[in-house]
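A short worksheet on the structure shown next.
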Amino acid sequence: MTARRGNPSSRMALVRARLALPTIRRAVGHSEGQHSSMFTGHGIDFEDQVEYRPGDDVSSIDWKSSARAGHPIIRRFERESDVFTQLVLDMGVEMLAAAPSGERKCDIGIWAADVLAYLGSSRGDRLGLVWGDSELSQAIPARHGRDHLEFLLNRAAAAYEEAAAPADVSGLLERVLTLTRLRTLIVLVTDEAWPTSADLDTLRKVRARHELLVVRVADMPMTVKGVDRMVDVDGGIVIPAYAREDPELADMLRHHRQTMINEADRMLRGHGIKQTVVNSSDEVVPALVNMLRRGVRD
């Protein structure tokens with residue numbers, strides 16, 4: 001079953017129906033409001049330091065800073081209710097291509113987005129959405145509430161059907177950087193080819209302030225067996241069977257694809273970013289739970 005089955009007006013109900021309670025608990029954490037159990041280092045985040053005033057919590061005093069300043073200094077933190085998740089969806093035309101399962105990559109992507117948005121809402125986050133391609137990007141401000149979650153999920157599903165231009169993932173992330181100065185959990189759903197060396201500067205800027213999780217949807221290999229007709233989604237060019245079945249060309253394509261995937265993995269790990277690659281909608285839930293629970297270098 002793909003992510004698009006069911007009544008679009010009840011996407012949240014569909015997510016709840018497909019996520020067993022133990023799965024939600026493993027991903028979100030057993031304690032109400034426990035943000036750090038879902039994403040390491042994200043939750044009640046350090047914001048700044050200010051002078052102590054009568055009535056402030058004495059447990060927030062930073063004694064080392066106070067000694068240097070000669071008067072009490074407290075550390076202020078963002079409240080849990082201020083933590084929010086920014087969902088970023090790559091709407092490049094590449095997401096209309098087929099995944100290894102035969103599903104459209106965008107169908108797998110929206111199911112991943114549904115699950116992650118629901119988990120974020122379940123832990124009390126405000127949720128925002130940024131989506132687009134190289135020609136246009138759009139955003140929905142972050143808010144709380146089930147009505148907002150339902151609206152956000154439906155808008156994300158509809159947006160994938162509007163894909164028409166090549167991707168610009170770094171452009172989407174740059175837009176997120178303009179939306180908030182607060183520490184944010186950015187959840188990106190994109191193609192397996194991202195990132196490349198051209199994205200390194202944006203990666204550094206994002207990680208300087210925010211947490212980033214990346215879900216990459218795999219492409220169907222051009223050399224896969226049993227496919228009668230294969231078309232390049234970018235140019236609409238039919239790739240002839242004799243070319244796809246040529247042993248020398250097949251080896252070259254497999255090597256190129258693996259090199260690309262390994263390089264993307266290396267860049268993400270090098271910047272301390274948790275990520276996972278999914279091949280089908282059935283892989284989404286276990287892949288996301290494993291990603292959230294493991295360390296970056298596992």
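Identifiers for the structure tokens are assigned positionally: chains receive A, B, ... in sequence, residues are indexed from 1 per chain, and ligands are indexed from 1 in the order shown.
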Query raised in the report: Just asking: which residues within stretch 58-269 of chain A are strand (DSSP E or B) according to DSSP, as a ChimeraX atom specification?
Result: /A:61,73-77,84-90,98,104,126-132,137-143,185-191,211-217,230-231,238-239
- Tell me, as an MDAnalysis selection string, which residues lie within 12 Å of A:Glu161, counting only C-alpha atoms; anything in the same chain fewer than 4 positions away does not count. chainID A and resid 4 91:93 95:96 104:107 110 132 154:157 165
At a cut-off of 9 Å, using only C-alpha atoms, what residues contact A:Arg207? Leave out same-chain residues fewer than 3 positions from it and give the result as a short mmCIF file (atom, residue, chain, number, x, y, z; two decimals) with N, CA, C and O atoms, in the first residue's frame.
data_model
loop_
_atom_site.label_atom_id
_atom_site.label_comp_id
_atom_site.auth_asym_id
_atom_site.auth_seq_id
_atom_site.Cartn_x
_atom_site.Cartn_y
_atom_site.Cartn_z
N THR A 202 25.85 25.41 1.99
CA THR A 202 24.53 25.46 2.63
C THR A 202 24.48 24.50 3.81
O THR A 202 23.92 24.83 4.86
N LEU A 203 25.05 23.31 3.67
CA LEU A 203 25.09 22.36 4.78
C LEU A 203 25.78 22.96 6.00
O LEU A 203 25.29 22.81 7.13
N ARG A 204 26.89 23.62 5.78
CA ARG A 204 27.62 24.22 6.90
C ARG A 204 26.77 25.29 7.59
O ARG A 204 26.75 25.36 8.83
N HIS A 210 21.11 24.78 13.28
CA HIS A 210 19.95 23.90 13.36
C HIS A 210 20.33 22.42 13.35
O HIS A 210 21.43 22.04 12.97
N GLU A 211 19.35 21.61 13.74
CA GLU A 211 19.45 20.16 13.57
C GLU A 211 18.85 19.81 12.21
O GLU A 211 17.89 20.44 11.77
N LEU A 212 19.42 18.81 11.54
CA LEU A 212 18.93 18.42 10.23
C LEU A 212 18.83 16.91 10.14
O LEU A 212 19.77 16.19 10.47
N HIS A 271 29.02 16.09 8.48
CA HIS A 271 28.40 17.26 9.11
C HIS A 271 27.47 16.86 10.26
O HIS A 271 26.66 17.66 10.72
N GLY A 272 27.60 15.61 10.72
CA GLY A 272 26.82 15.17 11.88
C GLY A 272 25.34 15.10 11.63
O GLY A 272 24.54 15.40 12.52
N ILE A 273 24.95 14.70 10.42
CA ILE A 273 23.53 14.70 10.04
C ILE A 273 23.02 13.27 9.97
O ILE A 273 23.59 12.41 9.29
#
Neighbours of A:Arg216 within 8 Å (only C-alpha atoms; same-chain residues fewer than 5 positions away dropped), as number ranges by chain?
A: 189-194, 275-278
Counting only C-alpha atoms, the residue among A:Arg175, A:Arg75, A:Arg257, A:Arg126 that lies closest to A:Leu152 is A:Arg126
If you measure from atom CA of A:Leu177 to atom CA of A:Ser65, what distance in Å do you get, rounded to one decimal?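 Atom-to-atom, atom CA of A:Leu177 and atom CA of A:Ser65 are spaced 29.6 Å apart.
Among the candidate residues A:Ile61, A:Glu135, A:Leu153, A:Asp168, the one lying nearest to A:Gly109 is A:Leu153, with distances computed using only C-alpha atoms.
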